$ cat upload-v3.txt   # compact mmCIF, C-alpha atoms
# COMPACT_ATOMS: atom_id res chain seq x y z
CA MET A 1 -11.39 -14.66 -8.97
CA SER A 2 -8.97 -11.73 -8.64
CA ALA A 3 -5.91 -10.56 -10.53
CA LEU A 4 -3.71 -12.06 -7.80
CA SER A 5 -5.30 -15.49 -8.28
CA VAL A 6 -4.52 -15.33 -12.00
CA ALA A 7 -0.97 -14.28 -11.23
CA PHE A 8 -0.44 -17.04 -8.67
CA LYS A 9 -1.61 -19.68 -11.15
CA ASP A 10 0.78 -18.39 -13.84
CA ILE A 11 3.72 -18.35 -11.41
CA GLN A 12 3.11 -22.00 -10.55
CA ILE A 13 3.09 -22.92 -14.23
CA PHE A 14 6.24 -20.88 -14.89
CA LEU A 15 8.21 -22.57 -12.09
CA LYS A 16 7.68 -25.93 -13.78
CA ASP A 17 9.37 -24.73 -17.00
CA ARG A 18 13.08 -25.46 -16.43
CA GLY A 19 14.05 -24.17 -19.87
CA ALA A 20 12.53 -20.78 -19.13
CA LEU A 21 14.20 -20.69 -15.72
CA PHE A 22 17.60 -21.28 -17.34
CA GLN A 23 17.01 -18.69 -20.06
CA LEU A 24 15.86 -15.97 -17.69
CA PHE A 25 18.11 -16.53 -14.66
CA LEU A 26 21.30 -18.31 -15.74
CA LEU A 27 21.74 -17.27 -19.37
CA PRO A 28 22.25 -13.56 -18.48
CA LEU A 29 25.14 -14.54 -16.20
CA VAL A 30 26.72 -16.58 -19.02
CA PHE A 31 26.41 -13.60 -21.36
CA ILE A 32 27.99 -11.25 -18.81
CA VAL A 33 30.97 -13.55 -18.21
CA ALA A 34 31.52 -14.16 -21.93
CA TYR A 35 31.24 -10.46 -22.78
CA SER A 36 33.60 -9.47 -19.97
CA ALA A 37 36.16 -12.12 -20.95
CA VAL A 38 36.19 -11.23 -24.65
CA THR A 39 36.25 -7.47 -24.09
CA ALA A 40 38.93 -7.75 -21.41
CA SER A 41 41.18 -9.65 -23.83
CA PHE A 42 40.89 -6.83 -26.37
CA GLU A 43 41.62 -4.23 -23.67
CA THR A 44 44.75 -6.14 -22.63
CA GLU A 45 46.00 -6.20 -26.20
CA GLU A 46 45.31 -2.49 -26.76
CA GLN A 47 46.39 -1.04 -23.42
CA ASP A 48 49.91 -0.06 -24.61
CA GLN A 49 49.44 2.63 -27.23
CA ARG A 50 53.11 3.69 -27.41
CA ILE A 51 54.92 3.70 -30.74
CA PRO A 52 57.31 0.72 -30.99
CA LEU A 53 60.96 1.80 -31.31
CA PRO A 54 63.41 -1.03 -32.06
CA VAL A 55 66.92 -0.08 -30.89
CA VAL A 56 70.34 -1.55 -31.71
CA ASP A 57 72.72 -0.71 -28.86
CA LEU A 58 76.28 -1.00 -30.17
CA ASP A 59 77.66 0.87 -27.18
CA GLY A 60 76.25 -0.85 -24.12
CA GLY A 61 77.81 1.79 -21.85
CA ARG A 62 76.51 4.03 -19.12
CA GLU A 63 75.38 6.86 -21.40
CA ALA A 64 73.58 4.41 -23.72
CA LYS A 65 71.64 3.08 -20.75
CA THR A 66 70.85 6.64 -19.69
CA LEU A 67 69.48 7.31 -23.17
CA LEU A 68 67.29 4.20 -23.14
CA ASP A 69 65.98 5.02 -19.66
CA GLY A 70 65.25 8.57 -20.80
CA LEU A 71 63.26 7.30 -23.78
CA ASP A 72 61.18 5.09 -21.50
CA ARG A 73 60.51 7.97 -19.10
CA ALA A 74 59.65 10.36 -21.91
CA GLY A 75 56.64 8.26 -22.91
CA GLY A 76 55.18 7.89 -26.36
CA VAL A 77 57.69 5.26 -27.49
CA GLN A 78 58.21 1.65 -26.47
CA VAL A 79 61.89 0.70 -26.62
CA GLU A 80 62.62 -2.79 -27.96
CA LEU A 81 66.26 -3.90 -28.01
CA ILE A 82 67.04 -6.08 -31.04
CA ASP A 83 70.15 -7.72 -32.47
CA GLU A 84 72.17 -5.85 -35.08
CA LYS A 85 72.28 -8.87 -37.42
CA ASP A 86 68.47 -9.06 -37.65
CA ALA A 87 67.73 -5.34 -37.64
CA THR A 88 68.53 -4.48 -41.26
CA GLN A 89 66.58 -7.39 -42.70
CA MET A 90 63.59 -6.70 -40.46
CA LEU A 91 63.59 -3.07 -41.60
CA GLU A 92 63.83 -3.99 -45.28
CA GLU A 93 60.98 -6.49 -44.99
CA ASN A 94 58.86 -3.94 -43.11
CA GLU A 95 58.69 -6.13 -40.01
CA ILE A 96 59.70 -3.00 -38.12
CA ALA A 97 58.77 0.51 -39.22
CA ARG A 98 61.83 2.33 -37.88
CA LEU A 99 65.19 1.61 -36.23
CA LEU A 100 67.36 3.61 -33.83
CA THR A 101 71.07 2.74 -33.69
CA ILE A 102 73.32 3.83 -30.81
CA PRO A 103 76.97 3.98 -32.07
CA GLU A 104 79.85 2.15 -30.40
CA ASP A 105 81.54 5.30 -29.13
CA PHE A 106 78.41 6.88 -27.68
CA THR A 107 79.45 6.80 -24.00
CA GLU A 108 83.07 7.68 -24.76
CA GLY A 109 82.12 10.55 -27.05
CA ILE A 110 79.76 12.15 -24.54
CA SER A 111 82.32 11.78 -21.74
CA GLU A 112 84.96 13.51 -23.85
CA GLY A 113 82.60 16.21 -25.08
CA ARG A 114 82.75 15.05 -28.70
CA THR A 115 79.81 15.07 -31.10
CA VAL A 116 78.17 11.67 -31.45
CA THR A 117 75.43 10.73 -33.92
CA LEU A 118 72.34 8.65 -33.26
CA ARG A 119 70.98 7.04 -36.43
CA LEU A 120 67.20 6.82 -36.90
CA VAL A 121 66.13 4.99 -40.06
CA SER A 122 62.49 4.44 -41.10
CA HIS A 123 60.89 2.23 -43.73
CA PRO A 124 59.47 4.06 -46.80
CA ASP A 125 55.96 2.87 -45.90
CA ALA A 126 56.20 3.92 -42.25
CA SER A 127 53.80 6.56 -40.94
CA LEU A 128 55.41 9.99 -41.29
CA GLU A 129 53.52 11.30 -38.28
CA LYS A 130 54.73 8.49 -36.03
CA THR A 131 58.29 8.78 -37.35
CA GLU A 132 58.30 12.51 -36.63
CA ALA A 133 56.92 11.86 -33.14
CA VAL A 134 59.69 9.32 -32.48
CA ARG A 135 62.32 11.74 -33.79
CA LEU A 136 61.11 14.49 -31.47
CA VAL A 137 61.23 12.18 -28.45
CA VAL A 138 64.75 10.93 -29.27
CA GLU A 139 65.94 14.43 -30.01
CA GLY A 140 64.50 15.81 -26.76
CA VAL A 141 66.15 13.12 -24.62
CA ALA A 142 69.48 13.50 -26.46
CA GLN A 143 69.45 17.28 -26.03
CA ASP A 144 68.79 16.91 -22.30
CA MET A 145 71.76 14.54 -22.05
CA ALA A 146 73.96 16.94 -24.04
CA LEU A 147 72.95 19.89 -21.85
CA GLU A 148 73.67 17.91 -18.70
CA SER A 149 77.09 16.88 -20.04
CA GLN A 150 77.97 20.45 -20.98
CA ILE A 151 76.96 21.80 -17.57
CA LEU A 152 79.02 19.17 -15.76
CA ALA A 153 82.01 19.91 -18.01
CA SER A 154 81.68 23.63 -17.28
CA LEU A 155 81.55 23.00 -13.55
CA GLN A 156 84.64 20.83 -13.79
CA GLN A 157 86.50 23.57 -15.67
CA MET A 158 85.49 26.08 -13.02
CA GLY A 159 86.84 23.77 -10.36
CA GLU A 160 90.14 23.40 -12.18
CA MET A 161 90.39 27.19 -12.53
CA GLN A 162 90.29 27.46 -8.75
CA ALA A 163 93.35 25.24 -8.36
CA ASN A 164 95.43 28.23 -7.23
CA ALA A 165 92.88 29.41 -4.66
CA PRO A 166 93.65 29.17 -0.91
CA PRO A 167 93.33 25.64 0.53
CA GLU A 168 90.18 26.44 2.50
CA TYR A 169 88.40 27.51 -0.72
CA GLN A 170 89.75 24.53 -2.66
CA GLU A 171 88.22 22.18 -0.09
CA ALA A 172 84.87 23.97 -0.11
CA PHE A 173 84.68 24.11 -3.91
CA ALA A 174 86.33 20.80 -4.73
CA VAL A 175 85.59 19.57 -8.26
CA GLU A 176 84.29 16.23 -6.99
CA LYS A 177 81.81 17.92 -4.63
CA ILE A 178 80.55 20.35 -7.27
CA VAL A 179 80.06 17.66 -9.89
CA ALA A 180 78.43 15.26 -7.42
CA GLN A 181 76.04 17.98 -6.27
CA ALA A 182 75.11 18.87 -9.83
CA GLN A 183 74.65 15.23 -10.73
CA SER A 184 72.31 14.68 -7.78
CA GLN A 185 70.25 17.67 -8.91
CA PHE A 186 69.95 16.20 -12.41
CA ASP A 187 68.88 12.84 -11.01
CA ARG A 188 66.29 14.46 -8.75
CA SER A 189 64.85 16.48 -11.63
CA GLN A 190 63.89 13.26 -13.43
CA ASP A 191 61.42 12.37 -10.68
CA ARG A 192 60.46 15.86 -9.52
CA PRO A 193 60.62 18.30 -12.45
CA LEU A 194 60.31 21.97 -11.65
CA VAL A 195 57.90 22.52 -14.55
CA THR A 196 55.17 20.17 -15.77
CA ILE A 197 52.80 20.66 -18.70
CA GLU A 198 49.10 19.81 -18.61
CA GLN A 199 47.47 19.79 -22.03
CA THR A 200 43.73 20.30 -22.50
CA VAL A 201 41.61 20.88 -25.58
CA PRO A 202 38.77 23.39 -25.04
CA GLY A 203 35.38 21.88 -25.78
CA GLN A 204 36.59 18.30 -25.51
CA GLU A 205 36.53 17.79 -21.76
CA SER A 206 33.70 15.27 -22.09
CA GLU A 207 35.94 13.03 -24.15
CA LYS A 208 38.37 12.80 -21.24
CA GLU A 209 35.73 11.18 -19.03
CA GLU A 210 36.87 7.77 -17.89
CA LEU A 211 35.14 5.02 -19.82
CA PRO A 212 33.25 2.35 -17.85
CA SER A 213 34.81 -1.07 -17.39
CA THR A 214 33.56 -4.12 -19.27
CA ALA A 215 31.55 -5.28 -16.26
CA GLU A 216 30.02 -1.83 -15.82
CA VAL A 217 28.84 -2.04 -19.42
CA ALA A 218 27.79 -5.69 -19.37
CA VAL A 219 25.80 -5.88 -16.13
CA PRO A 220 23.35 -2.99 -16.75
CA GLY A 221 23.14 -3.74 -20.47
CA PHE A 222 22.31 -7.44 -20.16
CA THR A 223 20.01 -6.73 -17.22
CA VAL A 224 17.90 -4.52 -19.47
CA LEU A 225 18.08 -6.98 -22.38
CA PHE A 226 16.96 -10.03 -20.41
CA VAL A 227 14.38 -8.21 -18.30
CA PHE A 228 12.67 -7.11 -21.52
CA LEU A 229 12.99 -10.66 -22.89
CA THR A 230 10.56 -11.76 -20.17
CA ALA A 231 7.88 -9.95 -22.18
CA GLN A 232 7.90 -12.99 -24.49
CA ALA A 233 6.88 -15.19 -21.55
CA THR A 234 3.90 -12.91 -20.91
CA ALA A 235 2.81 -13.08 -24.55
CA ARG A 236 3.22 -16.86 -24.66
CA SER A 237 1.20 -17.19 -21.45
CA PHE A 238 -1.76 -15.48 -23.16
CA TYR A 239 -1.40 -17.74 -26.18
CA ASP A 240 -1.25 -20.93 -24.11
CA GLU A 241 -4.38 -19.89 -22.16
CA LYS A 242 -6.27 -19.37 -25.41
CA LYS A 243 -4.90 -22.58 -26.94
CA ILE A 244 -6.16 -24.86 -24.17
CA GLY A 245 -9.40 -22.90 -23.73
CA SER A 246 -8.83 -21.73 -20.16
CA PHE A 247 -8.84 -18.09 -21.25
CA ARG A 248 -12.61 -18.32 -21.92
CA ARG A 249 -13.16 -19.52 -18.36
CA LEU A 250 -11.15 -16.52 -17.11
CA MET A 251 -13.31 -14.22 -19.20
CA ALA A 252 -16.43 -15.78 -17.67
CA ALA A 253 -15.14 -15.05 -14.18
CA PRO A 254 -16.29 -11.89 -12.39
CA ILE A 255 -13.17 -9.90 -13.20
CA SER A 256 -12.64 -6.84 -15.40
CA LYS A 257 -10.53 -6.95 -18.54
CA ALA A 258 -7.97 -4.56 -17.04
CA SER A 259 -7.69 -6.73 -13.91
CA LEU A 260 -7.29 -9.81 -16.06
CA LEU A 261 -4.43 -8.22 -18.00
CA ALA A 262 -2.88 -7.01 -14.76
CA GLY A 263 -3.04 -10.53 -13.34
CA LYS A 264 -1.24 -11.90 -16.39
CA VAL A 265 1.38 -9.14 -16.10
CA VAL A 266 2.24 -9.63 -12.42
CA PRO A 267 4.22 -12.89 -12.92
CA ASN A 268 6.38 -11.19 -15.54
CA PHE A 269 6.91 -8.27 -13.17
CA ILE A 270 7.96 -10.52 -10.27
CA THR A 271 10.21 -12.58 -12.55
CA ALA A 272 11.93 -9.44 -13.79
CA LEU A 273 12.60 -8.27 -10.23
CA ILE A 274 14.11 -11.63 -9.22
CA GLN A 275 16.10 -11.68 -12.43
CA THR A 276 17.54 -8.23 -11.74
CA ALA A 277 18.42 -9.12 -8.15
CA ILE A 278 20.34 -12.21 -9.31
CA ILE A 279 22.24 -10.31 -12.01
CA PHE A 280 23.13 -7.44 -9.67
CA ALA A 281 24.29 -9.85 -6.95
CA PHE A 282 26.43 -11.69 -9.48
CA GLY A 283 27.88 -8.41 -10.78
CA ALA A 284 28.67 -7.11 -7.30
CA PHE A 285 30.06 -10.32 -5.79
CA GLY A 286 30.34 -13.15 -8.32
CA LEU A 287 32.50 -11.39 -10.92
CA SER A 288 35.31 -10.82 -8.43
CA LEU A 289 35.48 -14.58 -7.77
CA LEU A 290 36.08 -15.09 -11.50
CA GLY A 291 38.86 -12.50 -11.66
CA PHE A 292 36.81 -9.63 -13.13
CA THR A 293 36.22 -6.19 -11.68
CA PRO A 294 32.95 -6.15 -9.70
CA VAL A 295 30.34 -3.49 -10.36
CA LYS A 296 29.05 -0.91 -7.92
CA LEU A 297 25.34 -0.37 -7.41
CA GLY A 298 25.59 3.42 -7.20
CA ASN A 299 25.16 5.95 -4.44
CA ASP A 300 21.36 6.19 -4.34
CA PRO A 301 19.55 2.93 -3.48
CA VAL A 302 16.16 4.62 -3.82
CA ALA A 303 16.91 5.70 -7.40
CA LEU A 304 18.13 2.20 -8.26
CA VAL A 305 15.03 0.52 -6.82
CA ILE A 306 12.67 2.89 -8.64
CA ALA A 307 14.55 2.37 -11.90
CA VAL A 308 14.38 -1.44 -11.56
CA LEU A 309 10.64 -1.32 -10.75
CA LEU A 310 9.91 0.86 -13.78
CA ILE A 311 12.02 -1.29 -16.11
CA ALA A 312 10.25 -4.45 -14.94
CA LEU A 313 6.85 -2.77 -15.29
CA CYS A 314 7.69 -1.49 -18.77
CA SER A 315 8.78 -4.97 -19.85
CA SER A 316 5.53 -6.45 -18.54
CA ALA A 317 3.43 -3.91 -20.43
CA LEU A 318 5.40 -4.60 -23.61
CA GLY A 319 4.47 -8.28 -23.24
CA VAL A 320 0.81 -7.30 -23.41
CA VAL A 321 1.45 -5.42 -26.67
CA ILE A 322 3.17 -8.46 -28.21
CA ALA A 323 0.27 -10.68 -27.10
CA ALA A 324 -2.20 -8.20 -28.65
CA LEU A 325 -0.40 -8.07 -32.00
CA ALA A 326 0.48 -11.77 -32.38
CA ARG A 327 -2.17 -14.32 -33.29
CA THR A 328 -0.12 -17.52 -33.58
CA GLU A 329 2.79 -19.13 -31.76
CA SER A 330 5.15 -18.43 -34.66
CA GLN A 331 4.08 -14.80 -34.68
CA ILE A 332 4.87 -14.54 -30.97
CA GLY A 333 8.36 -15.97 -31.56
CA GLY A 334 8.98 -13.78 -34.62
CA LEU A 335 7.71 -10.57 -33.03
CA SER A 336 9.60 -11.28 -29.83
CA THR A 337 12.85 -11.84 -31.71
CA LEU A 338 12.38 -8.76 -33.87
CA ILE A 339 11.13 -6.42 -31.18
CA LEU A 340 13.03 -7.54 -28.08
CA TRP A 341 16.44 -8.32 -29.61
CA GLY A 342 16.15 -5.49 -32.15
CA LEU A 343 15.20 -2.91 -29.55
CA GLY A 344 17.84 -4.28 -27.20
CA THR A 345 20.57 -3.86 -29.81
CA LEU A 346 19.47 -0.39 -30.90
CA GLY A 347 18.73 0.67 -27.33
CA GLY A 348 22.25 0.09 -25.99
CA SER A 349 22.03 -3.31 -24.29
CA ILE A 350 24.72 -4.90 -26.46
CA ILE A 351 26.52 -1.86 -27.90
CA PRO A 352 26.76 0.88 -25.23
CA TYR A 353 24.18 3.60 -25.80
CA PHE A 354 26.76 6.41 -25.71
CA ILE A 355 28.42 4.81 -28.75
CA LEU A 356 25.09 4.39 -30.54
CA GLU A 357 24.32 8.08 -29.96
CA ASN A 358 27.39 8.99 -32.01
CA MET A 359 26.46 6.49 -34.73
CA LEU A 360 22.67 6.88 -34.95
CA GLY A 361 22.02 10.29 -33.43
CA PRO A 362 18.68 10.62 -31.59
CA ILE A 363 17.17 7.38 -32.99
CA PRO A 364 17.90 5.25 -29.87
CA MET A 365 16.05 7.79 -27.72
CA ALA A 366 12.77 6.57 -29.24
CA LEU A 367 13.22 3.16 -27.58
CA PRO A 368 12.47 2.13 -23.97
CA HIS A 369 15.70 0.12 -23.80
CA TYR A 370 17.70 3.32 -24.31
CA TRP A 371 16.14 5.03 -21.30
CA ALA A 372 16.45 1.88 -19.20
CA ASN A 373 20.15 1.55 -20.04
CA ARG A 374 20.71 5.24 -19.49
CA ALA A 375 19.01 5.16 -16.08
CA LEU A 376 21.03 2.18 -14.82
CA ASP A 377 24.26 3.52 -16.28
CA ASP A 378 23.79 6.94 -14.68
CA ILE A 379 22.96 5.43 -11.30
CA MET A 380 25.44 2.53 -11.15
CA VAL A 381 28.42 3.85 -13.13
CA ARG A 382 28.22 7.62 -12.77
CA GLY A 383 26.82 7.60 -9.24
CA MET A 384 23.95 9.99 -10.03
CA MET A 385 21.07 10.60 -7.66
CA LEU A 386 17.31 10.32 -8.15
CA ALA A 387 16.86 13.91 -9.33
CA ASP A 388 19.59 13.47 -11.93
CA VAL A 389 17.88 10.49 -13.61
CA SER A 390 14.34 11.80 -13.37
CA LEU A 391 14.04 12.30 -17.14
CA ALA A 392 14.92 8.66 -17.87
CA LEU A 393 12.48 7.43 -15.21
CA ILE A 394 9.68 9.62 -16.55
CA MET A 395 10.29 8.29 -20.07
CA LEU A 396 10.12 4.69 -18.79
CA LEU A 397 6.85 5.44 -17.03
CA GLY A 398 5.51 7.00 -20.23
CA PHE A 399 6.43 3.94 -22.30
CA THR A 400 4.77 1.69 -19.69
CA LEU A 401 1.48 3.59 -19.85
CA VAL A 402 1.50 3.65 -23.66
CA PHE A 403 2.25 -0.07 -23.90
CA PHE A 404 -0.46 -1.00 -21.43
CA LEU A 405 -3.10 1.21 -23.08
CA VAL A 406 -2.23 -0.04 -26.56
CA GLY A 407 -2.34 -3.63 -25.33
CA LEU A 408 -5.72 -3.10 -23.67
CA TRP A 409 -7.03 -1.44 -26.83
CA ARG A 410 -5.76 -3.99 -29.33
CA PHE A 411 -6.06 -7.19 -27.29
CA ASP A 412 -8.48 -9.81 -28.59
CA PHE A 413 -10.50 -10.99 -25.61
CA ASP A 414 -12.63 -13.35 -27.73

$ encode --input "upload-v3.txt" --output "structure tokens"
Amino acid sequence: MSALSVAFKDIQIFLKDRGALFQLFLLPLVFIVAYSAVTASFETEEQDQRIPLPVVDLDGGREAKTLLDGLDRAGGVQVELIDEKDATQMLEENEIARLLTIPEDFTEGISEGRTVTLRLVSHPDASLEKTEAVRLVVEGVAQDMALESQILASLQQMGEMQANAPPEYQEAFAVEKIVAQAQSQFDRSQDRPLVTIEQTVPGQESEKEELPSTAEVAVPGFTVLFVFLTAQATARSFYDEKKIGSFRRLMAAPISKASLLAGKVVPNFITALIQTAIIFAFGAFGLSLLGFTPVKLGNDPVALVIAVLLIALCSSALGVVIAALARTESQIGGLSTLILWGLGTLGGSIIPYFILENMLGPIPMALPHYWANRALDDIMVRGMMLADVSLALIMLLGFTLVFFLVGLWRFDFD
């Protein structure tokens, strides 16, 4: 009897277990869809980070509309037109934090060059920082409008001063032409400003990196989680063999202990590879059919294949460790829950590892799940090549060797 014969027998037994097939092949897809749906709903709610600015427009004229459009273009505030009758009560009851009122004579006053007053009122409990930010935005837009009005008025005065000039000059420098030309320049400057400002904070460039989508977090994370969960199947396979007495017959066969363990590990390894292929195919093609953003598989197929092989091998070796430490069926279930779900959570399969690094420091780096998640994330999301993820792959190989040696050392072959 060889290790392959042992593996083939275990695969046949595994294929008859429909519950295990559902848990290992379909349950990961359910988790990915649920995670993507819940996270996407939160992203939709939080995507508009502008400060709400309720506005009562008592004017309704051209200049009032120009002001509102300018506030929208300025960014930072979200204009919400509300009725005057409800505004005061909403402000008093703190349903709105601040209120901007455009007076009735706003358009007329600006056209005539008179001073007009915009009224910004805030609730006592409103954030001072946000109120000041709103004030600066409103003030900036209003000043731009005032400057534009003053320039147009000056041009009109200059045109009127040329009333006594020769006819050919009057036609060339007609007031209507000058004002229309200036107005077109102002309108063009809104879309194509001569000066733009780009703000950066030295030392914080890494924070500006685009965050992965929900699917890009879910697919690698749940792949790692469920691939390592197959280690429980390996441990249970050892227990079942001992329970029915067939393990003694295997020990009596002309096969070494290492080959016997390898034969019991191979089914877990093959299962993990099939599992990964199904999850990746669903992430790349199935998610788009459900309305979610599909995931990419990276730019280096060789790096991805090596990473998947090492993750599956590491999971299989971990199953041997669980089988070596557990003596009863309840111990297998308890250790599997504690080790596999605990390591999965701390290793970044449920909460992204880059968030855990900020919360727990270097602690996740002591876990194989961390390096598995990091390898897949670097390859699939960041598009890194084999050389770039070599450290993560070496760490996975190291964990695999340690797990297999510990399992061989501690395993009870009696």

$ residues_around --input "upload-v3.txt" --residues "Gly319 in chain A" --least-positions-apart "4" --cutoff "9 Å" --atoms "all atoms listed in the file" --output "count of residues only"
19

$ closest_residue --input "upload-v3.txt" --among "A:Val33, A:Ala272, A:Val134, A:Ile278" --to "Leu290 in chain A" --atoms "only C-alpha atoms"
A:Val33

$ closest_residue --input "upload-v3.txt" --among "A:Ala387, A:Phe285, A:Thr271, A:Leu360" --to "Val302 in chain A" --atoms "all atoms listed in the file"
A:Ala387

$ closest_residue --input "upload-v3.txt" --among "A:Leu335, A:Leu325, A:Ala392, A:Leu367" --to "Ala307 in chain A" --atoms "only C-alpha atoms"
A:Ala392

$ closest_residue --input "upload-v3.txt" --among "A:Leu343, A:Leu273, A:Val217, A:Ala317" --to "Arg382 in chain A" --atoms "all atoms listed in the file"
A:Val217

$ closest_residue --input "upload-v3.txt" --among "A:Ala142, A:Arg327, A:Ile110, A:Ser122" --to "Asp69 in chain A" --atoms "only C-alpha atoms"
A:Ala142

$ closest_residue --input "upload-v3.txt" --among "A:Tyr370, A:Tyr35, A:Phe269, A:Phe280" --to "Phe354 in chain A" --atoms "only C-alpha atoms"
A:Tyr370

$ residues_around --input "upload-v3.txt" --residues "Val219 in chain A" --least-positions-apart "5" --cutoff "8 Å" --atoms "only C-alpha atoms" --output "PyMOL selection string"
chain A and resi 32+279-280+283+295

$ atom_distance --input "upload-v3.txt" --atom1 "CA of Val321 in chain A" --atom2 "CA of Ala218 in chain A"
27.3 Å

$ residues_around --input "upload-v3.txt" --residues "Thr293 in chain A" --least-positions-apart "3" --cutoff "10 Å" --atoms "only C-alpha atoms" --output "list in words"
Ser36, Ser213, Thr214, Ala215, Glu216, Gly283, Ala284, Phe285, Gly286, Leu287, Ser288, Leu289, Leu290 and Lys296 of chain A

$ atom_distance --input "upload-v3.txt" --atom1 "CA of Leu397 in chain A" --atom2 "CA of Leu310 in chain A"
6.4 Å

$ residues_around --input "upload-v3.txt" --residues "Pro54 in chain A" --least-positions-apart "5" --cutoff "8 Å" --atoms "all atoms listed in the file" --output "PyMOL selection string"
chain A and resi 79-82+96+98-100

$ write_last_selection --input "upload-v3.txt" --atoms "C-alpha atoms" --output "compact mmCIF listing (two decimals), keeping the file's coordinate frame"
# COMPACT_ATOMS: atom_id res chain seq x y z
CA VAL A 79 61.89 0.70 -26.62
CA GLU A 80 62.62 -2.79 -27.96
CA LEU A 81 66.26 -3.90 -28.01
CA ILE A 82 67.04 -6.08 -31.04
CA ILE A 96 59.70 -3.00 -38.12
CA ARG A 98 61.83 2.33 -37.88
CA LEU A 99 65.19 1.61 -36.23
CA LEU A 100 67.36 3.61 -33.83

$ atom_distance --input "upload-v3.txt" --atom1 "CA of Leu393 in chain A" --atom2 "CA of Leu405 in chain A"
18.5 Å
